[in-house]
file run-v5.txt (compact mmCIF, C-alpha atoms)
# COMPACT_ATOMS: atom_id res chain seq x y z
CA MET A 1 105.90 99.29 74.28
CA ASP A 2 109.33 99.16 72.58
CA ALA A 3 109.99 102.85 72.86
CA LEU A 4 109.96 102.99 76.66
CA PRO A 5 112.41 105.51 78.07
CA ALA A 6 115.61 103.99 79.38
CA VAL A 7 116.23 106.61 82.05
CA LEU A 8 114.82 105.95 85.49
CA GLY A 9 113.50 107.92 88.37
CA ALA A 10 110.69 110.20 89.38
CA ALA A 11 111.04 112.25 86.22
CA ALA A 12 111.01 109.03 84.27
CA LEU A 13 107.75 107.94 85.85
CA LEU A 14 106.34 111.14 84.45
CA LEU A 15 107.77 110.39 81.01
CA LEU A 16 106.50 106.85 81.24
CA LEU A 17 102.98 107.96 82.08
CA LEU A 18 103.10 110.47 79.25
CA LEU A 19 104.47 107.97 76.76
CA THR A 20 102.08 105.17 77.69
CA ALA A 21 99.05 107.40 77.70
CA ARG A 22 99.91 109.12 74.45
CA LEU A 23 100.72 105.91 72.61
CA LEU A 24 97.43 104.40 73.67
CA LEU A 25 95.51 107.55 72.93
CA ALA A 26 97.14 107.91 69.54
CA ARG A 27 96.07 104.40 68.69
CA ARG A 28 92.58 104.96 70.03
CA ASN A 29 92.15 108.37 68.47
CA SER A 30 93.31 107.15 65.09
CA SER A 31 90.36 104.77 64.98
CA PRO A 32 87.49 106.41 63.09
CA ARG A 33 84.89 104.53 65.10
CA THR A 34 85.59 106.13 68.43
CA ALA A 35 85.42 109.75 69.56
CA PRO A 36 88.83 111.27 70.31
CA LEU A 37 89.92 111.53 73.94
CA SER A 38 91.88 114.38 75.39
CA LEU A 39 94.47 113.75 78.03
CA LEU A 40 95.81 115.82 80.86
CA VAL A 41 98.93 114.63 82.65
CA VAL A 42 99.59 116.26 86.00
CA ALA A 43 103.08 115.80 87.22
CA GLY A 44 105.80 117.47 89.16
CA SER A 45 109.27 116.90 90.44
CA ASP A 46 111.86 118.48 92.66
CA SER A 47 113.03 120.62 89.81
CA ASP A 48 110.13 121.68 87.65
CA LYS A 49 112.31 123.27 84.99
CA MET A 50 114.24 120.06 84.47
CA SER A 51 111.02 118.09 84.14
CA GLU A 52 109.65 120.61 81.67
CA ASP A 53 112.77 120.31 79.52
CA LYS A 54 112.51 116.53 79.57
CA ILE A 55 108.84 116.70 78.52
CA ARG A 56 109.57 119.13 75.72
CA THR A 57 112.38 116.94 74.40
CA PHE A 58 110.14 113.91 74.57
CA GLU A 59 107.23 115.64 72.83
CA GLN A 60 109.45 117.14 70.16
CA LYS A 61 110.82 113.69 69.36
CA ARG A 62 107.29 112.33 69.29
CA ALA A 63 106.05 115.09 66.99
CA GLU A 64 108.66 113.95 64.50
CA THR A 65 106.88 110.60 64.27
CA PHE A 66 103.26 111.59 64.73
CA SER A 67 102.38 114.61 62.63
CA ASN A 68 99.01 115.24 64.22
CA SER A 69 100.28 115.35 67.77
CA GLN A 70 98.59 117.99 69.82
CA PHE A 71 100.63 118.92 72.78
CA THR A 72 100.40 121.84 75.16
CA LEU A 73 102.33 122.18 78.36
CA ASN A 74 100.74 124.20 81.11
CA ARG A 75 102.71 125.13 84.19
CA ILE A 76 100.70 125.27 87.34
CA PRO A 77 102.05 127.02 90.43
CA ARG A 78 103.02 124.47 93.03
CA CYS A 79 100.83 124.14 96.09
CA ARG A 80 103.86 123.87 98.32
CA GLU A 81 107.62 123.93 97.97
CA VAL A 82 109.81 121.45 99.82
CA CYS A 83 110.30 122.71 103.41
CA GLN A 84 107.72 125.48 103.02
CA SER A 85 105.82 126.24 106.23
CA TRP A 86 102.35 124.78 106.49
CA SER A 87 100.65 128.13 107.18
CA SER A 88 101.99 129.79 104.04
CA SER A 89 101.14 126.59 102.14
CA VAL A 90 97.44 127.37 102.66
CA LEU A 91 97.84 130.55 100.61
CA THR A 92 99.89 128.95 97.85
CA THR A 93 97.39 126.08 97.67
CA LEU A 94 94.54 128.54 97.26
CA TYR A 95 96.51 130.21 94.48
CA SER A 96 96.98 126.83 92.79
CA ILE A 97 93.25 126.16 93.02
CA LEU A 98 92.36 129.53 91.51
CA TYR A 99 94.80 128.80 88.70
CA SER A 100 93.65 125.22 88.13
CA PHE A 101 89.92 125.79 87.77
CA PRO A 102 89.98 127.87 84.58
CA LEU A 103 92.72 125.67 83.14
CA THR A 104 90.81 122.42 83.68
CA PHE A 105 87.58 123.97 82.46
CA ARG A 106 89.30 125.19 79.32
CA LEU A 107 91.05 121.89 78.57
CA LYS A 108 88.06 119.66 79.47
CA PRO A 109 90.11 116.46 79.60
CA ASP A 110 88.56 113.03 79.28
CA LEU A 111 91.37 111.39 81.20
CA ILE A 112 93.56 112.82 83.91
CA LEU A 113 96.75 111.00 84.80
CA CYS A 114 98.52 112.13 87.98
CA ASN A 115 101.82 111.00 89.40
CA GLY A 116 101.44 112.53 92.78
CA PRO A 117 102.36 116.17 93.32
CA GLY A 118 100.07 118.33 95.46
CA THR A 119 99.20 120.25 92.31
CA CYS A 120 97.05 117.40 91.09
CA VAL A 121 94.50 117.85 93.89
CA PRO A 122 93.18 121.22 92.65
CA ILE A 123 93.15 119.85 89.11
CA CYS A 124 91.17 116.78 90.11
CA ILE A 125 88.74 118.85 92.18
CA SER A 126 88.24 121.07 89.14
CA ALA A 127 87.63 117.98 87.05
CA LEU A 128 85.04 116.66 89.50
CA LEU A 129 83.32 120.02 89.38
CA LEU A 130 83.46 119.91 85.60
CA GLU A 131 81.81 116.48 85.75
CA ILE A 132 78.99 117.84 87.87
CA LEU A 133 78.43 121.04 85.91
CA ALA A 134 79.03 119.88 82.37
CA LEU A 135 77.84 116.31 82.91
CA LYS A 136 81.10 115.22 81.23
CA LYS A 137 82.76 112.05 82.46
CA VAL A 138 86.36 112.60 83.48
CA ILE A 139 88.44 109.54 84.36
CA ILE A 140 90.99 110.21 87.07
CA VAL A 141 93.91 107.80 87.28
CA TYR A 142 96.25 108.44 90.18
CA VAL A 143 99.63 106.72 90.38
CA GLU A 144 101.23 106.98 93.82
CA SER A 145 104.93 107.64 93.92
CA ILE A 146 107.40 104.74 94.15
CA CYS A 147 108.67 106.48 97.30
CA ARG A 148 105.44 105.65 99.07
CA VAL A 149 105.91 102.17 100.52
CA GLU A 150 104.00 102.20 103.79
CA THR A 151 102.12 105.50 103.83
CA LEU A 152 100.31 107.54 101.22
CA SER A 153 101.26 111.06 100.29
CA LEU A 154 98.78 113.78 101.27
CA SER A 155 97.63 113.98 97.63
CA GLY A 156 97.18 110.21 97.71
CA LYS A 157 95.15 110.28 100.91
CA ILE A 158 92.77 112.79 99.37
CA LEU A 159 92.55 111.32 95.91
CA TYR A 160 92.13 107.75 97.19
CA TYR A 161 88.49 108.73 97.61
CA PHE A 162 88.09 110.89 94.53
CA SER A 163 89.97 109.02 91.83
CA ASP A 164 88.53 106.34 89.57
CA TYR A 165 91.69 104.24 89.64
CA PHE A 166 94.29 104.50 92.38
CA ILE A 167 97.56 102.74 91.67
CA VAL A 168 100.17 101.87 94.29
CA GLN A 169 103.60 100.42 93.67
CA TRP A 170 104.20 98.43 96.85
CA PRO A 171 102.12 95.58 98.28
CA ALA A 172 101.95 97.00 101.84
CA LEU A 173 99.86 99.89 100.51
CA LYS A 174 97.51 97.55 98.68
CA GLU A 175 96.83 95.87 102.01
CA LYS A 176 96.18 99.14 103.82
CA TYR A 177 94.11 100.63 101.02
CA PRO A 178 92.01 97.83 99.56
CA LYS A 179 90.43 99.93 96.79
CA SER A 180 93.87 100.56 95.32
CA ILE A 181 95.36 98.66 92.40
CA TYR A 182 98.80 97.03 92.66
CA LEU A 183 100.57 96.34 89.40
CA GLY A 184 104.06 95.86 90.81
CA ARG A 185 106.72 98.53 90.46
CA ILE A 186 106.21 100.65 87.39
CA VAL A 187 109.74 102.05 87.34
CA MET B 188 142.05 102.10 91.63
CA LYS B 189 138.53 102.29 92.92
CA SER B 190 136.29 105.30 92.53
CA ALA B 191 133.43 106.48 94.75
CA PHE B 192 130.64 108.74 93.51
CA VAL B 193 128.63 111.00 95.82
CA THR B 194 125.42 112.54 94.53
CA VAL B 195 122.79 114.80 96.06
CA GLY B 196 120.59 115.00 92.97
CA THR B 197 118.85 118.35 92.62
CA THR B 198 118.87 119.05 96.34
CA SER B 199 121.12 121.08 98.57
CA PHE B 200 122.48 118.53 101.03
CA GLU B 201 125.43 120.38 102.52
CA GLU B 202 125.71 118.12 105.55
CA LEU B 203 126.46 115.15 103.31
CA ILE B 204 129.06 117.07 101.32
CA ALA B 205 130.73 118.13 104.56
CA ALA B 206 130.56 114.63 106.07
CA VAL B 207 132.01 112.92 103.02
CA THR B 208 134.86 115.40 102.54
CA ALA B 209 135.85 115.43 106.19
CA PRO B 210 139.49 114.27 106.62
CA GLU B 211 138.48 111.19 108.64
CA THR B 212 136.07 110.10 105.89
CA LEU B 213 138.63 110.60 103.13
CA GLN B 214 141.07 108.57 105.17
CA VAL B 215 138.60 105.70 105.54
CA LEU B 216 137.84 105.79 101.83
CA ARG B 217 141.56 105.60 101.05
CA SER B 218 142.00 102.70 103.45
CA LEU B 219 139.16 100.89 101.67
CA GLY B 220 141.04 101.21 98.39
CA TYR B 221 139.32 104.24 96.88
CA GLY B 222 141.72 106.54 95.06
CA ARG B 223 139.11 108.85 93.60
CA LEU B 224 136.03 110.61 94.92
CA VAL B 225 133.65 112.35 92.57
CA LEU B 226 131.20 114.79 94.17
CA GLN B 227 128.01 115.96 92.53
CA VAL B 228 127.04 118.82 94.85
CA GLY B 229 123.76 120.07 93.34
CA ARG B 230 122.52 123.27 94.94
CA ALA B 231 124.91 123.30 97.88
CA ALA B 232 125.91 126.88 98.69
CA ALA B 233 129.63 126.17 98.93
CA ALA B 234 131.28 123.47 96.86
CA PRO B 235 134.58 122.02 98.12
CA ALA B 236 137.61 122.67 95.94
CA PRO B 237 138.75 119.76 93.81
CA PHE B 238 142.30 118.50 94.33
CA ARG B 239 144.68 115.89 93.02
CA THR B 240 147.54 114.26 94.87
CA ALA B 241 149.52 111.15 94.08
CA ALA B 242 147.30 109.10 96.38
CA PHE B 243 143.89 110.65 95.91
CA THR B 244 141.75 112.72 93.52
CA LEU B 245 138.69 114.76 94.39
CA ASP B 246 136.49 115.89 91.49
CA VAL B 247 133.55 118.23 92.04
CA PHE B 248 130.66 119.35 89.85
CA ARG B 249 127.17 120.71 90.40
CA PHE B 250 124.92 119.28 87.73
CA LYS B 251 125.06 117.25 84.55
CA GLU B 252 122.41 116.38 81.98
CA SER B 253 122.74 112.77 83.06
CA LEU B 254 124.62 111.01 85.84
CA ALA B 255 124.72 107.75 83.90
CA GLU B 256 128.42 107.93 83.11
CA ASP B 257 129.46 108.83 86.65
CA LEU B 258 127.32 106.02 88.04
CA GLU B 259 128.78 103.61 85.51
CA ASN B 260 132.36 104.50 86.51
CA ALA B 261 131.73 104.23 90.24
CA ASP B 262 132.62 101.27 92.42
CA LEU B 263 130.59 102.73 95.27
CA VAL B 264 127.73 105.23 95.18
CA ILE B 265 126.88 107.38 98.19
CA SER B 266 123.63 109.14 97.55
CA HIS B 267 120.82 111.18 99.03
CA ALA B 268 117.59 109.22 99.35
CA GLY B 269 116.06 110.50 96.11
CA ALA B 270 114.04 107.83 94.35
CA GLY B 271 115.42 108.65 90.94
CA THR B 272 119.05 108.35 91.96
CA CYS B 273 118.46 105.19 94.01
CA LEU B 274 116.62 103.44 91.22
CA GLU B 275 119.09 104.52 88.53
CA THR B 276 122.00 103.33 90.68
CA LEU B 277 120.39 99.99 91.52
CA GLU B 278 119.47 99.39 87.89
CA LYS B 279 123.16 99.74 87.04
CA GLY B 280 123.96 97.16 89.71
CA LYS B 281 126.17 99.49 91.74
CA PRO B 282 126.71 99.16 95.51
CA LEU B 283 124.68 101.93 97.11
CA LEU B 284 124.89 103.62 100.48
CA VAL B 285 122.00 106.03 100.96
CA VAL B 286 122.39 108.94 103.36
CA VAL B 287 119.07 110.18 104.68
CA ASN B 288 118.65 113.93 105.17
CA GLU B 289 117.21 114.33 108.65
CA LYS B 290 116.33 117.97 108.04
CA LEU B 291 113.57 117.36 105.50
CA MET B 292 110.04 117.66 106.86
CA ASN B 293 108.05 114.46 107.16
CA ASN B 294 110.93 112.36 105.99
CA HIS B 295 109.09 109.75 103.94
CA GLN B 296 112.21 109.26 101.82
CA LEU B 297 113.17 106.83 104.59
CA GLU B 298 110.33 104.51 103.57
CA LEU B 299 111.86 103.70 100.21
CA ALA B 300 115.40 103.43 101.54
CA ARG B 301 114.18 101.20 104.36
CA GLN B 302 112.21 98.92 102.05
CA LEU B 303 115.09 98.58 99.60
CA TYR B 304 117.35 97.86 102.58
CA ARG B 305 114.92 95.20 103.86
CA ASP B 306 114.96 93.65 100.40
CA GLY B 307 118.77 93.62 100.55
CA HIS B 308 119.47 96.07 97.73
CA LEU B 309 121.25 98.91 99.57
CA PHE B 310 122.49 100.14 102.92
CA TYR B 311 121.45 103.40 104.52
CA CYS B 312 122.66 105.74 107.22
CA THR B 313 122.59 109.38 108.29
CA CYS B 314 125.35 112.00 108.03
CA SER B 315 126.37 111.33 111.61
CA THR B 316 126.65 107.57 111.06
CA LEU B 317 128.30 107.80 107.62
CA LEU B 318 131.83 107.21 108.84
CA GLU B 319 130.85 104.19 110.93
CA SER B 320 128.81 102.75 108.07
CA LEU B 321 131.67 103.04 105.61
CA LYS B 322 133.92 101.16 108.00
CA SER B 323 131.52 98.36 108.85
CA ILE B 324 129.40 97.65 105.78
CA ASP B 325 130.00 94.68 103.50
CA MET B 326 128.77 95.72 100.07
CA SER B 327 129.23 92.24 98.63
CA THR B 328 126.14 91.07 100.53
CA LEU B 329 123.82 93.24 98.43
CA LYS B 330 121.32 91.50 96.11
CA PRO B 331 120.65 92.43 92.46
CA PHE B 332 117.69 94.71 91.88
CA PRO B 333 114.97 93.44 89.49
CA PRO B 334 113.64 95.98 86.91
CA GLY B 335 110.17 97.53 87.08
CA GLN B 336 107.26 96.29 84.98
CA PRO B 337 105.75 99.22 83.13
CA GLU B 338 104.01 96.93 80.65
CA LYS B 339 101.48 96.00 83.34
CA PHE B 340 100.56 99.65 83.76
CA ALA B 341 100.35 100.05 79.99
CA ALA B 342 98.00 97.08 79.71
CA PHE B 343 95.89 98.45 82.53
CA LEU B 344 95.59 101.90 80.96
CA ASP B 345 94.74 100.25 77.67
CA ARG B 346 91.74 98.60 79.33
CA VAL B 347 90.70 101.86 81.01
CA ILE B 348 90.77 103.87 77.79
CA GLY B 349 89.15 101.02 75.92
CA PHE B 350 86.08 101.31 78.08
CA GLU B 351 85.32 104.86 76.96
call {"tool": "encode", "arguments": {"input": "run-v5.txt", "output": "C-alpha cells"}}
result
Amino acid sequence: MDALPAVLGAAALLLLLLLTARLLLARRNSSPRTAPLSLLVVAGSDSDKMSEDKIRTFEQKRAETFSNSQFTLNRIPRCREVCQSWSSSVLTTLYSILYSFPLTFRLKPDLILCNGPGTCVPICISALLLEILALKKVIIVYVESICRVETLSLSGKILYYFSDYFIVQWPALKEKYPKSIYLGRIV
Amino acid sequence: MKSAFVTVGTTSFEELIAAVTAPETLQVLRSLGYGRLVLQVGRAAAAPAPFRTAAFTLDVFRFKESLAEDLENADLVISHAGAGTCLETLEKGKPLLVVVNEKLMNNHQLELARQLYRDGHLFYCTCSTLLESLKSIDMSTLKPFPPGQPEKFAAFLDRVIGFE
C-alpha cells in the first residue's frame, strides 16, 4: 500500500476506500483463475462537488497506470442536506430510493463499500433486493465515520443489521455493537 | 512573530468568524504574541475585510485547493469541528482549538472533539467561550497525535475479496 493518499480527512477516507478496494480488485481481477468482481463505492461529503473532483483526479491518475481501468462515477441525490427539516427529508429520501434502485440494478455490484452518508441506505436496500431477486451475492462493507465515537450515525444504525461487515473506528462503538469490527483508526 | 489560522472548512460558520475578529479577541491574540491572523471563511455570507497595521495583519480568503500550507505556517489553529480539518491539523502536530457550532442539528461533531480532547490532543470550546479559552488554555500540554492504520483495513478487505 505504498501509494496511499497523503491528504487526510473525510474526503480522504473516501479516497482511501476507493484506492484500497481498486488496488485489491485490480490484483484479483487480473488473475485468470477468478471471475472479475465489480465494485460500487458509496460515499459523500459536505461538499459533493469537491469530492467528485478529488475522485476524478484520483481515477485519472490511476488510469494512467492501469490501462484497463473501468471507472464510472454516478451522482446520487442526497437523502438529506445538513440542517434540512426532517419532514422534507422523507420526500428527498424517497427520491434517492427511486434513483438508487435502477442504478444498483444496472450496475449489479459484487461488493459495495460505504463510508457513511445517508445515500448508502437506499443503495444497500437495492442491493439486498437484487440479492433476493437475482440470487446474486452482494457483499456490503460499511465503514462508520471517524466522527462517530460513541454513537452510530442513522445510516450506521440501519446498516448494522443489513451489512456483511460493519467497521467502526473507535473502541467504545465495538463494545456497544458487538457484531462490528474494530481495526483501529483508518485515517 | 506568531501566526494563528482560523478555518471553517466548507461550512458557513459566521459566529466563529465574528467571535474571532471581535476587538477583544484580536487584543487577546496580540497579547499572546500573535502578530498575524489568517481567516479561511468558507461559505460565510460576509467576509471581514483584511487589514495590515504595524502591529497586526489580518488575511482573509474563502477557499483553497488545500489548506496544507496555511496549517504548516500556523502556530495556533482555531477550527470548526470538521473531522478532516481536525485530523489534518493534528497530523501536522499543530496546537488546535476546536470551536463547536451549536447551531448544527444533532451535534455529533462534539463526539470526536470530546474524544480527542480526552486523549489530550486538542482543546475545544464554543463561540461564547472562545475568548475565555484563548486566555486560559496551555497549548504546551497537548500530546502528539499518532497516525491512522489504513493497512489493517486493506488487509481486512483483502481477506473479504479473497473469499469470493
call {"tool": "interface_residues", "arguments": {"input": "run-v5.txt", "of": "chain B", "to": "chain A", "cutoff": "12 Å", "atoms": "all atoms listed in the file", "output": "ChimeraX atom specification"}}
result
/B:196-199,229-230,250-255,268-279,290-303,305,332-351
call {"tool": "write_last_selection", "arguments": {"input": "run-v5.txt", "atoms": "C-alpha atoms", "output": "CSV table (one decimal), in the coordinates of the input"}}
result
chain,number,residue,atom,x,y,z
B,196,GLY,CA,120.6,115.0,93.0
B,197,THR,CA,118.8,118.4,92.6
B,198,THR,CA,118.9,119.0,96.3
B,199,SER,CA,121.1,121.1,98.6
B,229,GLY,CA,123.8,120.1,93.3
B,230,ARG,CA,122.5,123.3,94.9
B,250,PHE,CA,124.9,119.3,87.7
B,251,LYS,CA,125.1,117.2,84.6
B,252,GLU,CA,122.4,116.4,82.0
B,253,SER,CA,122.7,112.8,83.1
B,254,LEU,CA,124.6,111.0,85.8
B,255,ALA,CA,124.7,107.8,83.9
B,268,ALA,CA,117.6,109.2,99.4
B,269,GLY,CA,116.1,110.5,96.1
B,270,ALA,CA,114.0,107.8,94.4
B,271,GLY,CA,115.4,108.6,90.9
B,272,THR,CA,119.0,108.4,92.0
B,273,CYS,CA,118.5,105.2,94.0
B,274,LEU,CA,116.6,103.4,91.2
B,275,GLU,CA,119.1,104.5,88.5
B,276,THR,CA,122.0,103.3,90.7
B,277,LEU,CA,120.4,100.0,91.5
B,278,GLU,CA,119.5,99.4,87.9
B,279,LYS,CA,123.2,99.7,87.0
B,290,LYS,CA,116.3,118.0,108.0
B,291,LEU,CA,113.6,117.4,105.5
B,292,MET,CA,110.0,117.7,106.9
B,293,ASN,CA,108.0,114.5,107.2
B,294,ASN,CA,110.9,112.4,106.0
B,295,HIS,CA,109.1,109.8,103.9
B,296,GLN,CA,112.2,109.3,101.8
B,297,LEU,CA,113.2,106.8,104.6
B,298,GLU,CA,110.3,104.5,103.6
B,299,LEU,CA,111.9,103.7,100.2
B,300,ALA,CA,115.4,103.4,101.5
B,301,ARG,CA,114.2,101.2,104.4
B,302,GLN,CA,112.2,98.9,102.0
B,303,LEU,CA,115.1,98.6,99.6
B,305,ARG,CA,114.9,95.2,103.9
B,332,PHE,CA,117.7,94.7,91.9
B,333,PRO,CA,115.0,93.4,89.5
B,334,PRO,CA,113.6,96.0,86.9
B,335,GLY,CA,110.2,97.5,87.1
B,336,GLN,CA,107.3,96.3,85.0
B,337,PRO,CA,105.8,99.2,83.1
B,338,GLU,CA,104.0,96.9,80.6
B,339,LYS,CA,101.5,96.0,83.3
B,340,PHE,CA,100.6,99.6,83.8
B,341,ALA,CA,100.4,100.0,80.0
B,342,ALA,CA,98.0,97.1,79.7
B,343,PHE,CA,95.9,98.4,82.5
B,344,LEU,CA,95.6,101.9,81.0
B,345,ASP,CA,94.7,100.2,77.7
B,346,ARG,CA,91.7,98.6,79.3
B,347,VAL,CA,90.7,101.9,81.0
B,348,ILE,CA,90.8,103.9,77.8
B,349,GLY,CA,89.2,101.0,75.9
B,350,PHE,CA,86.1,101.3,78.1
B,351,GLU,CA,85.3,104.9,77.0
call {"tool": "residues_near_point", "arguments": {"input": "run-v5.txt", "point": "(127.5, 99.2, 93.6)", "cutoff": "6 Å", "atoms": "all atoms listed in the file", "output": "PyMOL selection string"}}
result
chain B and resi 262-263+280-283
call {"tool": "atom_distance", "arguments": {"input": "run-v5.txt", "atom1": "CA of Tyr304 in chain B", "atom2": "CA of Glu175 in chain A"}}
result
20.6 Å
call {"tool": "atom_distance", "arguments": {"input": "run-v5.txt", "atom1": "CA of Leu159 in chain A", "atom2": "CA of Asp306 in chain B"}}
result
28.9 Å
call {"tool": "residues_around", "arguments": {"input": "run-v5.txt", "residues": "range 314-328 of chain B", "least_positions_apart": "3", "cutoff": "9 Å", "atoms": "all atoms listed in the file", "output": "number ranges by chain"}}
result
B: 202-203, 205-207, 211-212, 215-216, 219, 263, 282-284, 286-289, 307-311
call {"tool": "atom_distance", "arguments": {"input": "run-v5.txt", "atom1": "CA of Leu245 in chain B", "atom2": "CA of Glu259 in chain B"}}
result
17.4 Å
call {"tool": "residues_around", "arguments": {"input": "run-v5.txt", "residues": "Ala233 in chain B", "least_positions_apart": "5", "cutoff": "12 Å", "atoms": "all atoms listed in the file", "output": "number ranges by chain"}}
result
B: 199-202, 204-205, 228, 247-249
call {"tool": "decode", "arguments": {"input": "run-v5.txt", "residues": "range 84-109 of chain A", "atoms": "N, CA and C atoms", "output": "PDB file, in the first residue's frame"}}
result
ATOM      1  N   GLN A  84     -31.395  20.258   6.934  1.00  0.00           N
ATOM      2  CA  GLN A  84     -32.708  20.142   6.292  1.00  0.00           C
ATOM      3  C   GLN A  84     -33.720  19.615   7.298  1.00  0.00           C
ATOM      4  N   SER A  85     -34.978  20.074   7.193  1.00  0.00           N
ATOM      5  CA  SER A  85     -36.001  19.626   8.144  1.00  0.00           C
ATOM      6  C   SER A  85     -36.292  18.147   7.931  1.00  0.00           C
ATOM      7  N   TRP A  86     -36.691  17.483   9.018  1.00  0.00           N
ATOM      8  CA  TRP A  86     -36.913  16.047   8.928  1.00  0.00           C
ATOM      9  C   TRP A  86     -38.095  15.713   8.012  1.00  0.00           C
ATOM     10  N   SER A  87     -39.144  16.546   8.033  1.00  0.00           N
ATOM     11  CA  SER A  87     -40.331  16.220   7.229  1.00  0.00           C
ATOM     12  C   SER A  87     -40.027  16.276   5.737  1.00  0.00           C
ATOM     13  N   SER A  88     -39.270  17.278   5.298  1.00  0.00           N
ATOM     14  CA  SER A  88     -38.934  17.327   3.873  1.00  0.00           C
ATOM     15  C   SER A  88     -37.915  16.249   3.538  1.00  0.00           C
ATOM     16  N   SER A  89     -37.163  15.787   4.549  1.00  0.00           N
ATOM     17  CA  SER A  89     -36.181  14.726   4.306  1.00  0.00           C
ATOM     18  C   SER A  89     -36.848  13.449   3.842  1.00  0.00           C
ATOM     19  N   VAL A  90     -38.104  13.222   4.293  1.00  0.00           N
ATOM     20  CA  VAL A  90     -38.813  11.998   3.879  1.00  0.00           C
ATOM     21  C   VAL A  90     -38.948  11.981   2.361  1.00  0.00           C
ATOM     22  N   LEU A  91     -39.325  13.154   1.800  1.00  0.00           N
ATOM     23  CA  LEU A  91     -39.501  13.231   0.347  1.00  0.00           C
ATOM     24  C   LEU A  91     -38.184  13.055  -0.398  1.00  0.00           C
ATOM     25  N   THR A  92     -37.133  13.728   0.088  1.00  0.00           N
ATOM     26  CA  THR A  92     -35.852  13.621  -0.611  1.00  0.00           C
ATOM     27  C   THR A  92     -35.281  12.211  -0.488  1.00  0.00           C
ATOM     28  N   THR A  93     -35.571  11.544   0.638  1.00  0.00           N
ATOM     29  CA  THR A  93     -35.118  10.154   0.795  1.00  0.00           C
ATOM     30  C   THR A  93     -35.826   9.256  -0.205  1.00  0.00           C
ATOM     31  N   LEU A  94     -37.137   9.470  -0.354  1.00  0.00           N
ATOM     32  CA  LEU A  94     -37.892   8.675  -1.321  1.00  0.00           C
ATOM     33  C   LEU A  94     -37.332   8.872  -2.727  1.00  0.00           C
ATOM     34  N   TYR A  95     -36.982  10.109  -3.033  1.00  0.00           N
ATOM     35  CA  TYR A  95     -36.402  10.420  -4.331  1.00  0.00           C
ATOM     36  C   TYR A  95     -35.078   9.676  -4.512  1.00  0.00           C
ATOM     37  N   SER A  96     -34.260   9.669  -3.462  1.00  0.00           N
ATOM     38  CA  SER A  96     -32.992   8.931  -3.509  1.00  0.00           C
ATOM     39  C   SER A  96     -33.221   7.457  -3.768  1.00  0.00           C
ATOM     40  N   ILE A  97     -34.244   6.896  -3.103  1.00  0.00           N
ATOM     41  CA  ILE A  97     -34.538   5.469  -3.259  1.00  0.00           C
ATOM     42  C   ILE A  97     -34.944   5.172  -4.704  1.00  0.00           C
ATOM     43  N   LEU A  98     -35.841   6.014  -5.246  1.00  0.00           N
ATOM     44  CA  LEU A  98     -36.289   5.808  -6.614  1.00  0.00           C
ATOM     45  C   LEU A  98     -35.129   5.903  -7.597  1.00  0.00           C
ATOM     46  N   TYR A  99     -34.159   6.737  -7.263  1.00  0.00           N
ATOM     47  CA  TYR A  99     -32.989   6.903  -8.120  1.00  0.00           C
ATOM     48  C   TYR A  99     -32.033   5.728  -7.969  1.00  0.00           C
ATOM     49  N   SER A 100     -31.895   5.234  -6.743  1.00  0.00           N
ATOM     50  CA  SER A 100     -30.898   4.197  -6.446  1.00  0.00           C
ATOM     51  C   SER A 100     -31.246   2.835  -7.002  1.00  0.00           C
ATOM     52  N   PHE A 101     -32.521   2.481  -6.975  1.00  0.00           N
ATOM     53  CA  PHE A 101     -32.913   1.137  -7.426  1.00  0.00           C
ATOM     54  C   PHE A 101     -32.444   0.828  -8.844  1.00  0.00           C
ATOM     55  N   PRO A 102     -32.834   1.645  -9.835  1.00  0.00           N
ATOM     56  CA  PRO A 102     -32.388   1.314 -11.199  1.00  0.00           C
ATOM     57  C   PRO A 102     -30.866   1.356 -11.333  1.00  0.00           C
ATOM     58  N   LEU A 103     -30.227   2.256 -10.615  1.00  0.00           N
ATOM     59  CA  LEU A 103     -28.774   2.367 -10.700  1.00  0.00           C
ATOM     60  C   LEU A 103     -28.108   1.091 -10.203  1.00  0.00           C
ATOM     61  N   THR A 104     -28.512   0.635  -9.014  1.00  0.00           N
ATOM     62  CA  THR A 104     -27.918  -0.580  -8.438  1.00  0.00           C
ATOM     63  C   THR A 104     -28.219  -1.791  -9.309  1.00  0.00           C
ATOM     64  N   PHE A 105     -29.444  -1.856  -9.821  1.00  0.00           N
ATOM     65  CA  PHE A 105     -29.820  -2.992 -10.655  1.00  0.00           C
ATOM     66  C   PHE A 105     -29.025  -3.002 -11.954  1.00  0.00           C
ATOM     67  N   ARG A 106     -28.721  -1.817 -12.450  1.00  0.00           N
ATOM     68  CA  ARG A 106     -27.953  -1.748 -13.690  1.00  0.00           C
ATOM     69  C   ARG A 106     -26.493  -2.132 -13.439  1.00  0.00           C
ATOM     70  N   LEU A 107     -25.918  -1.626 -12.349  1.00  0.00           N
ATOM     71  CA  LEU A 107     -24.503  -1.863 -12.065  1.00  0.00           C
ATOM     72  C   LEU A 107     -24.223  -3.274 -11.550  1.00  0.00           C
ATOM     73  N   LYS A 108     -25.203  -3.868 -10.845  1.00  0.00           N
ATOM     74  CA  LYS A 108     -25.059  -5.201 -10.258  1.00  0.00           C
ATOM     75  C   LYS A 108     -23.690  -5.425  -9.596  1.00  0.00           C
ATOM     76  N   PRO A 109     -23.361  -4.652  -8.588  1.00  0.00           N
ATOM     77  CA  PRO A 109     -22.037  -4.801  -7.979  1.00  0.00           C
ATOM     78  C   PRO A 109     -21.904  -6.101  -7.188  1.00  0.00           C
TER      79      PRO A 109
END
